[in-house]
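Participant: Coordinates in target38.txt, compact mmCIF, C-alpha atoms, are listed below.
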```txt
# COMPACT_ATOMS: atom_id res chain seq x y z
CA MET B 6 12.82 20.66 -8.99
CA GLU B 7 14.45 23.21 -6.74
CA ARG B 8 13.92 22.43 -3.10
CA GLN B 9 13.52 24.99 -0.35
CA SER B 10 13.01 24.58 3.35
CA ASP B 11 9.84 25.34 5.27
CA THR B 12 11.04 27.30 8.27
CA SER B 13 8.07 26.28 10.45
CA THR B 14 8.67 22.52 10.15
CA GLY B 15 12.28 22.36 8.97
CA LEU B 16 11.11 20.06 6.19
CA PRO B 17 12.14 20.50 2.57
CA THR B 18 9.49 21.97 0.29
CA PRO B 19 7.83 20.22 -1.38
CA ILE B 20 7.55 17.62 1.38
CA THR B 21 8.56 14.08 0.46
CA VAL B 22 7.93 10.70 2.09
CA GLU B 23 11.68 10.35 2.58
CA ALA B 24 11.89 13.64 4.48
CA LEU B 25 9.01 12.66 6.72
CA ILE B 26 10.54 9.25 7.49
CA ALA B 27 13.80 11.00 8.38
CA LEU B 28 11.97 12.88 11.15
CA GLY B 29 11.76 9.69 13.18
CA PRO B 30 8.56 8.27 14.68
CA ASP B 31 7.85 10.86 17.35
CA ARG B 32 8.22 13.98 15.19
CA LEU B 33 6.46 12.25 12.31
CA LEU B 34 3.52 11.42 14.54
CA ASP B 35 3.34 15.06 15.57
CA PHE B 36 3.38 16.11 11.91
CA VAL B 37 0.63 13.61 11.03
CA GLU B 38 -1.57 14.79 13.89
CA HIS B 39 -0.91 18.49 13.30
CA THR B 40 -0.18 18.82 9.60
CA PRO B 41 0.28 22.53 8.82
CA HIS B 42 -2.47 23.72 6.49
CA ASN B 43 0.05 25.37 4.21
CA SER B 44 2.10 22.19 3.69
CA VAL B 45 3.20 21.69 0.10
CA PHE B 46 3.70 18.05 -0.84
CA ASP B 47 5.80 16.50 -3.57
CA PRO B 48 3.64 15.14 -6.45
CA ALA B 49 4.78 11.60 -5.59
CA PHE B 50 3.58 11.98 -2.00
CA SER B 51 0.38 10.37 -0.75
CA TRP B 52 -0.73 9.45 2.76
CA LEU B 53 -1.25 5.88 1.57
CA LEU B 54 2.35 5.67 0.35
CA LEU B 55 3.55 7.05 3.67
CA ALA B 56 1.41 4.48 5.53
CA GLU B 57 2.80 1.64 3.42
CA VAL B 58 6.42 2.76 3.94
CA VAL B 59 5.93 3.14 7.70
CA GLY B 60 4.27 -0.30 7.81
CA VAL B 61 7.33 -1.86 6.19
CA ARG B 62 9.52 -0.04 8.70
CA VAL B 63 7.48 -1.50 11.58
CA ALA B 64 7.92 -5.04 10.25
CA PHE B 65 11.61 -4.52 9.61
CA MET B 66 12.32 -2.94 13.00
CA SER B 67 10.34 -5.59 14.87
CA LYS B 68 13.11 -8.07 14.08
CA THR B 69 15.79 -6.00 15.79
CA ASP B 70 14.26 -3.42 18.12
CA GLU B 71 10.74 -4.09 19.27
CA PHE B 72 10.52 -0.87 21.24
CA ALA B 73 11.43 1.26 18.23
CA ALA B 74 9.03 -0.82 16.13
CA SER B 75 6.23 0.00 18.56
CA ARG B 76 6.86 3.74 18.14
CA TRP B 77 6.68 3.38 14.36
CA ALA B 78 3.58 1.20 14.77
CA LYS B 79 1.87 4.09 16.56
CA VAL B 80 2.49 6.26 13.48
CA ALA B 81 1.25 3.51 11.14
CA ALA B 82 -1.92 3.10 13.20
CA GLU B 83 -2.60 6.83 13.02
CA LEU B 84 -1.99 6.94 9.26
CA TYR B 85 -4.28 3.98 8.51
CA GLN B 86 -6.95 5.39 10.83
CA GLY B 87 -6.77 8.64 8.86
CA LEU B 88 -7.23 6.73 5.62
CA VAL B 89 -10.26 4.93 7.06
CA GLU B 90 -11.88 8.16 8.15
CA CYS B 91 -11.45 9.72 4.72
CA CYS B 92 -12.47 6.63 2.76
CA PRO B 93 -15.61 7.12 0.66
CA PRO B 94 -18.52 4.71 1.28
CA GLU B 95 -18.08 2.88 -2.02
CA GLU B 96 -14.55 1.83 -1.06
CA GLU B 97 -15.69 -0.84 1.40
CA LEU B 98 -12.82 -3.21 0.54
CA ALA B 99 -10.13 -0.61 1.20
CA ARG B 100 -11.84 0.58 4.37
CA SER B 101 -12.09 -2.99 5.67
CA ILE B 102 -8.40 -3.68 5.06
CA TRP B 103 -7.21 -0.33 6.43
CA THR B 104 -9.40 -0.72 9.52
CA ARG B 105 -7.72 -4.03 10.30
CA ALA B 106 -4.31 -2.53 9.53
CA ALA B 107 -4.94 0.31 11.99
CA ALA B 108 -6.07 -2.13 14.67
CA SER B 109 -3.09 -4.41 14.07
CA PHE B 110 -0.58 -1.57 14.30
CA ARG B 111 -2.39 -0.10 17.32
CA GLN B 112 -2.01 -3.41 19.11
CA GLN B 113 1.65 -3.58 18.14
CA ALA B 114 2.15 -0.02 19.40
CA THR B 115 0.90 -0.89 22.86
CA SER B 116 2.63 -4.22 23.36
CA PRO B 117 6.39 -3.86 23.05
CA ARG B 118 8.14 -6.41 25.23
CA PHE B 119 10.83 -4.02 26.48
CA PRO B 120 12.91 -1.04 25.32
CA GLN B 121 15.97 -2.87 23.98
CA SER B 122 17.92 0.30 23.31
CA SER B 123 17.17 2.08 26.59
CA ASN B 124 19.77 2.93 29.18
CA LEU B 125 17.71 1.52 32.01
CA PRO B 126 19.44 -0.97 34.31
CA SER B 127 18.70 -4.54 33.36
CA ASP B 128 16.48 -5.13 36.41
CA ALA B 129 14.43 -1.96 35.95
CA HIS B 130 11.36 -4.00 35.05
CA ALA B 131 11.45 -6.10 38.17
CA VAL B 132 8.53 -5.54 40.54
CA MET T 23 -11.00 19.15 -8.73
CA LYS T 24 -13.66 20.05 -11.34
CA GLU T 25 -15.80 17.32 -12.82
CA GLN T 26 -18.66 18.12 -15.20
CA GLY T 27 -18.98 21.62 -13.79
CA VAL T 28 -19.28 20.41 -10.22
CA THR T 29 -16.63 21.05 -7.62
CA VAL T 30 -15.70 17.76 -5.99
CA ILE T 31 -14.03 17.97 -2.61
CA VAL T 32 -11.74 15.01 -2.15
CA SER T 33 -9.85 14.22 0.99
CA PRO T 34 -6.12 14.82 0.65
CA ARG T 35 -5.52 11.52 2.46
CA LEU T 36 -6.60 9.35 -0.46
CA PRO T 37 -4.49 8.72 -3.57
CA VAL T 38 -7.01 10.38 -5.88
CA ASP T 39 -4.54 11.62 -8.46
CA SER T 40 -2.79 9.03 -10.54
CA ASN T 41 0.94 8.41 -10.55
CA PRO T 42 2.79 11.64 -11.54
CA ASP T 43 5.53 9.57 -13.21
CA ALA T 44 3.13 7.52 -15.38
CA PHE T 45 4.49 6.93 -18.87
CA PRO T 46 2.47 6.39 -22.05
CA LEU T 47 2.20 2.93 -23.61
CA GLU T 48 1.79 2.55 -27.36
CA ASP T 49 0.57 -1.03 -27.39
CA GLY T 50 -0.37 -1.61 -23.77
CA LEU T 51 -2.09 -4.89 -23.05
CA TYR T 52 -5.82 -4.81 -22.30
CA GLY T 53 -6.00 -1.28 -23.64
CA ALA T 54 -3.69 0.10 -20.98
CA ARG T 55 -2.66 3.64 -21.89
CA PHE T 56 -0.10 4.13 -19.12
CA GLY T 57 2.58 2.26 -17.27
CA TYR T 58 3.02 3.16 -13.63
CA PRO T 59 6.52 3.10 -12.09
CA ASN T 60 7.26 2.50 -8.43
CA LEU T 61 7.08 5.85 -6.61
CA MET T 62 9.42 4.72 -3.82
CA PRO T 63 12.35 2.99 -5.58
CA ASN T 64 14.89 3.75 -2.84
CA GLN T 65 12.89 1.55 -0.43
CA LEU T 66 12.79 -1.45 -2.74
CA HIS T 67 15.82 -3.18 -1.26
CA THR T 68 14.25 -3.13 2.21
CA GLU T 69 10.89 -4.27 0.89
CA LEU T 70 12.35 -7.20 -1.03
CA ALA T 71 14.45 -8.23 1.96
CA LEU T 72 11.32 -8.25 4.10
CA ALA T 73 9.40 -10.23 1.47
CA SER T 74 12.20 -12.78 1.34
CA ALA T 75 12.39 -13.08 5.12
CA SER T 76 8.60 -13.48 5.26
CA ASN T 77 8.56 -16.24 2.64
CA LEU T 78 5.95 -14.27 0.74
CA THR T 79 4.04 -16.59 -1.57
CA ILE T 80 3.01 -15.11 -4.91
CA ARG T 81 0.31 -16.59 -7.17
CA VAL T 82 0.18 -15.89 -10.90
CA LEU T 83 -3.04 -15.53 -12.90
CA ASP T 84 -2.55 -15.45 -16.65
CA GLU T 85 -5.02 -15.95 -19.47
CA THR T 86 -2.56 -18.32 -21.17
CA LEU T 87 -2.80 -20.83 -18.30
CA GLU T 88 -4.73 -24.05 -18.91
CA PRO T 89 -8.31 -23.91 -17.58
CA GLU T 90 -7.54 -26.75 -15.15
CA THR T 91 -4.60 -24.76 -13.76
CA ILE T 92 -6.79 -21.68 -13.33
CA GLN T 93 -9.47 -23.71 -11.57
CA ALA T 94 -6.89 -25.12 -9.17
CA LEU T 95 -5.58 -21.60 -8.55
CA LEU T 96 -9.08 -20.31 -7.85
CA GLN T 97 -9.52 -22.94 -5.15
CA ASP T 98 -6.47 -21.41 -3.54
CA LEU T 99 -7.70 -17.83 -3.94
CA LYS T 100 -11.31 -18.26 -2.83
CA GLY T 101 -12.70 -16.72 0.33
CA ALA T 102 -9.78 -14.35 0.84
CA GLU T 103 -8.41 -10.89 0.11
CA TRP T 104 -5.34 -10.33 -1.99
CA LEU T 105 -2.91 -7.65 -3.02
CA TYR T 106 -2.55 -7.71 -6.79
CA VAL T 107 -0.52 -6.09 -9.54
CA VAL T 108 -0.79 -6.50 -13.31
CA LEU T 109 2.60 -6.29 -14.99
CA LEU T 110 3.21 -4.78 -18.42
CA ASP T 111 3.24 -8.32 -19.88
CA GLY T 112 -0.33 -8.89 -18.65
CA ARG T 113 0.37 -11.31 -15.80
CA MET T 114 -1.61 -10.70 -12.62
CA LEU T 115 0.42 -11.45 -9.47
CA LEU T 116 -1.36 -11.94 -6.16
CA ALA T 117 -0.25 -12.21 -2.52
CA SER T 118 -2.52 -12.98 0.38
CA ILE T 119 -3.17 -10.19 2.87
CA ALA T 120 -4.15 -12.46 5.74
CA LEU T 121 -1.54 -15.18 5.33
CA ALA T 122 1.52 -12.94 5.20
CA LYS T 123 3.76 -12.96 8.28
CA SER T 124 3.48 -9.17 8.38
CA PRO T 125 -0.01 -8.86 6.90
CA PHE T 126 -0.13 -5.10 6.66
CA ALA T 127 3.49 -4.61 5.70
CA THR T 128 3.20 -6.31 2.33
CA THR T 129 3.55 -3.84 -0.54
CA HIS T 130 2.69 -4.12 -4.22
CA THR T 131 6.37 -3.75 -5.06
CA MET T 132 7.05 -7.06 -3.31
CA LEU T 133 4.94 -8.72 -6.02
CA SER T 134 6.30 -6.73 -8.96
CA LEU T 135 9.92 -6.66 -7.72
CA GLY T 136 9.67 -2.93 -8.31
CA GLU T 137 8.86 -3.22 -12.02
CA PRO T 138 6.24 -0.90 -13.58
CA VAL T 139 2.60 -2.08 -13.62
CA ILE T 140 -0.58 -1.31 -15.53
CA ALA T 141 -2.86 -1.94 -12.52
CA ALA T 142 -2.56 -2.55 -8.77
CA GLY T 143 -4.79 -2.71 -5.72
CA HIS T 144 -6.76 -5.13 -3.54
CA LEU T 145 -9.01 -7.95 -4.69
CA ARG T 146 -11.55 -10.06 -2.77
CA PHE T 147 -12.79 -13.54 -3.74
CA ASP T 148 -15.89 -15.13 -2.26
CA GLN T 149 -16.24 -18.80 -1.39
CA ASN T 150 -17.52 -19.53 -4.93
CA CYS T 151 -14.22 -18.40 -6.45
CA GLN T 152 -15.85 -15.24 -7.79
CA VAL T 153 -14.35 -11.78 -7.48
CA VAL T 154 -16.76 -9.67 -5.43
CA ALA T 155 -14.68 -6.51 -5.03
CA TYR T 156 -11.48 -4.90 -6.19
CA ASN T 157 -9.92 -1.44 -6.08
CA HIS T 158 -6.95 0.58 -7.29
CA MET T 159 -5.48 1.44 -3.90
CA SER T 160 -1.70 1.29 -4.05
CA GLY T 161 0.44 4.04 -2.59
CA HIS T 162 3.54 2.73 -4.35
CA TYR T 163 1.91 2.79 -7.82
CA ARG T 164 -1.20 5.03 -7.65
CA PRO T 165 -2.76 3.73 -10.85
CA GLU T 166 -5.65 5.55 -12.49
CA LYS T 167 -9.05 4.09 -11.57
CA ARG T 168 -10.48 3.87 -15.08
CA GLN T 169 -7.48 2.00 -16.49
CA THR T 170 -7.44 -0.28 -13.46
CA ASP T 171 -11.12 -1.14 -14.04
CA GLU T 172 -10.48 -1.98 -17.69
CA VAL T 173 -7.34 -4.02 -17.06
CA VAL T 174 -8.67 -6.01 -14.10
CA GLN T 175 -11.94 -6.82 -15.85
CA ALA T 176 -10.04 -7.92 -18.97
CA VAL T 177 -7.58 -10.14 -17.07
CA LEU T 178 -10.34 -11.79 -15.06
CA THR T 179 -12.72 -12.24 -17.98
CA LEU T 180 -10.10 -13.68 -20.31
CA SER T 181 -8.94 -16.04 -17.55
CA GLY T 182 -12.51 -17.26 -17.03
CA VAL T 183 -12.85 -15.78 -13.54
CA LEU T 184 -16.36 -14.63 -12.73
CA MET T 185 -17.13 -11.26 -11.18
CA THR T 186 -20.21 -10.31 -9.21
CA GLY T 187 -21.47 -7.09 -7.74
```
What does this structure look like when you write it as structure tokens?
Facilitator:
Amino acid sequence: MERQSDTSTGLPTPITVEALIALGPDRLLDFVEHTPHNSVFDPAFSWLLLAEVVGVRVAFMSKTDEFAASRWAKVAAELYQGLVECCPPEEELARSIWTRAAASFRQQATSPRFPQSSNLPSDAHAV
Amino acid sequence: MKEQGVTVIVSPRLPVDSNPDAFPLEDGLYGARFGYPNLMPNQLHTELALASASNLTIRVLDETLEPETIQALLQDLKGAEWLYVVLLDGRMLLASIALAKSPFATTHTMLSLGEPVIAAGHLRFDQNCQVVAYNHMSGHYRPEKRQTDEVVQAVLTLSGVLMTG
């Protein structure tokens, strides 16, 4: 499939999970919260797949950079919350699991121990 | 989407369409018509590394197991929610959602090792070892709902697992 670029987002068209991950957590969160109405997604794309991939990234990053993991966790929380809100009533099992996933990632997003990769002096957290 | 002459509005956030890379099966087990490949193969290495680091425990449910073995397995599965996949060879693999070190970072590909499946989703057992709910929610595999229903019900029934609800 020939890929083009959407000039408004800078993303390739159709939009893939890989391209969204490459944005990094902050720009991805902005895209998730303000998805352009004219976005064209790759057939393999789904918001659930994106949520799962971001969730793996959170777990992987939490071993090496808890601050970065917390930024990805914020995206994961938003994605799972979106899935919950769009979940039909008959999908109680999925809604239950995604609700807990959103809460878990939300907690992780607000409780990083410290920004390991920051350029702050080492005593910047002292009170 | 049109269904029986009625326009159905479905949220774009749910995986309503089945896997675009699904491939036909001639003699699929349990009547499966399609195999579903992993939609995110370039992430598999990371996912398997995470599964290994997390000591992810995988249970296997298979109709060829002895009834005593299945009963012992059900004691392990009861009262909990599980991720499951059904491989092309008919084995159902399960991993606990709650017991994983990273409970919401476990993917179906960690069970299948990235191999194609004929069904995938979540499954809930009650305290009586009965399945009370299941679904076809897997972003990595996006299986069709109807095939998932048929496959899951066949695997459970032939293994002697009761379903309610």
Participant: Please, which residues of chain B lie no more than 7 Å from chain T when the count uses only C-alpha atoms, and can they be set out as a ChimeraX atom specification?
Facilitator: /B:48-49,51-54,57,60-61,64-65,88,91,98,106
Participant: Give me the box for stretch 140-144 of chain T as lines of an AutoDock Vina configuration file, namely the centre and edge lengths in Å to one decimal of a box along x, y and z that holds every listed atom plus 3 Å on each side.
Facilitator:
```
center_x = -3.7
center_y = -3.2
center_z = -9.5
size_x = 12.2
size_y = 9.8
size_z = 18.0
```
Participant: Just how far from atom CA of B:Ala56 is atom CA of B:Phe110, in Å to one decimal?
Facilitator: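 Taking atom CA of B:Phe110 as the start and atom CA of B:Ala56 as the end point, the length is 10.8 Å.
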Participant: Which residue gives the smallest distance to B:Ser101 among B:Trp77, B:Phe36, B:Phe46, B:Tyr85, with all atoms listed in the file counted?
Facilitator: B:Tyr85
Participant: What is the atom CA of T:Tyr58-atom CA of B:Thr104 distance in Å, reported with one decimal?
Facilitator: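 According to the coordinates, atom CA of T:Tyr58 and atom CA of B:Thr104 are separated by 26.6 Å.
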Participant: Around the point (4.7, 23.2, 1.1) in the file's coordinates, collect all residues with an atom within 7 Å, using all atoms listed in the file, and return them as a CSV table (one decimal) with C-alpha atoms, in the frame of the given file.
Facilitator:
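Final output, saved to point-v2.csv:
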```
chain,number,residue,atom,x,y,z
B,11,ASP,CA,9.8,25.3,5.3
B,18,THR,CA,9.5,22.0,0.3
B,19,PRO,CA,7.8,20.2,-1.4
B,20,ILE,CA,7.6,17.6,1.4
B,43,ASN,CA,0.0,25.4,4.2
B,44,SER,CA,2.1,22.2,3.7
B,45,VAL,CA,3.2,21.7,0.1
B,46,PHE,CA,3.7,18.0,-0.8
```
Participant: For stretch 86-89 of chain T, please output as a PyMOL selection string all residues within 9 Å (counting all atoms listed in the file; exclusion window: fewer than 4 positions along the same chain).
Facilitator: chain T and resi 93-94+180-182
Participant: I want to know what sits within 8 Å of T:Gln152, based on only C-alpha atoms, with residues of the same chain fewer than 3 positions away left out; could you give that as a list in words?
Facilitator: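 Everything that qualifies: Lys100, Phe147, Asp148, Gln149, Val183, Leu184, Met185 and Thr186 of chain T.
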Participant: State, in Å with one decimal place, the distance from atom CA of B:Gln113 to atom CA of T:Ala102.
Facilitator: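 Interatomic distance here is 23.4 Å.
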Participant: Within 10 Å of (4.5, -6.9, -5.4), in the coordinates the file gives, what residues turn up when you count all atoms listed in the file, written out as a PDB file with C-alpha atoms, keeping the file's coordinate frame?
Facilitator:
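Result saved to part.pdb:
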```
ATOM      1  CA  GLU T  69      10.890  -4.270   0.890  1.00  0.00           C
ATOM      2  CA  LEU T  70      12.350  -7.200  -1.030  1.00  0.00           C
ATOM      3  CA  ALA T  73       9.400 -10.230   1.470  1.00  0.00           C
ATOM      4  CA  LEU T  78       5.950 -14.270   0.740  1.00  0.00           C
ATOM      5  CA  ILE T  80       3.010 -15.110  -4.910  1.00  0.00           C
ATOM      6  CA  LEU T 105      -2.910  -7.650  -3.020  1.00  0.00           C
ATOM      7  CA  TYR T 106      -2.550  -7.710  -6.790  1.00  0.00           C
ATOM      8  CA  VAL T 107      -0.520  -6.090  -9.540  1.00  0.00           C
ATOM      9  CA  VAL T 108      -0.790  -6.500 -13.310  1.00  0.00           C
ATOM     10  CA  LEU T 109       2.600  -6.290 -14.990  1.00  0.00           C
ATOM     11  CA  LEU T 115       0.420 -11.450  -9.470  1.00  0.00           C
ATOM     12  CA  LEU T 116      -1.360 -11.940  -6.160  1.00  0.00           C
ATOM     13  CA  ALA T 117      -0.250 -12.210  -2.520  1.00  0.00           C
ATOM     14  CA  THR T 128       3.200  -6.310   2.330  1.00  0.00           C
ATOM     15  CA  THR T 129       3.550  -3.840  -0.540  1.00  0.00           C
ATOM     16  CA  HIS T 130       2.690  -4.120  -4.220  1.00  0.00           C
ATOM     17  CA  THR T 131       6.370  -3.750  -5.060  1.00  0.00           C
ATOM     18  CA  MET T 132       7.050  -7.060  -3.310  1.00  0.00           C
ATOM     19  CA  LEU T 133       4.940  -8.720  -6.020  1.00  0.00           C
ATOM     20  CA  SER T 134       6.300  -6.730  -8.960  1.00  0.00           C
ATOM     21  CA  LEU T 135       9.920  -6.660  -7.720  1.00  0.00           C
ATOM     22  CA  GLY T 136       9.670  -2.930  -8.310  1.00  0.00           C
ATOM     23  CA  GLU T 137       8.860  -3.220 -12.020  1.00  0.00           C
ATOM     24  CA  VAL T 139       2.600  -2.080 -13.620  1.00  0.00           C
ATOM     25  CA  ALA T 142      -2.560  -2.550  -8.770  1.00  0.00           C
ATOM     26  CA  HIS T 162       3.540   2.730  -4.350  1.00  0.00           C
TER      27      HIS T 162
END
```
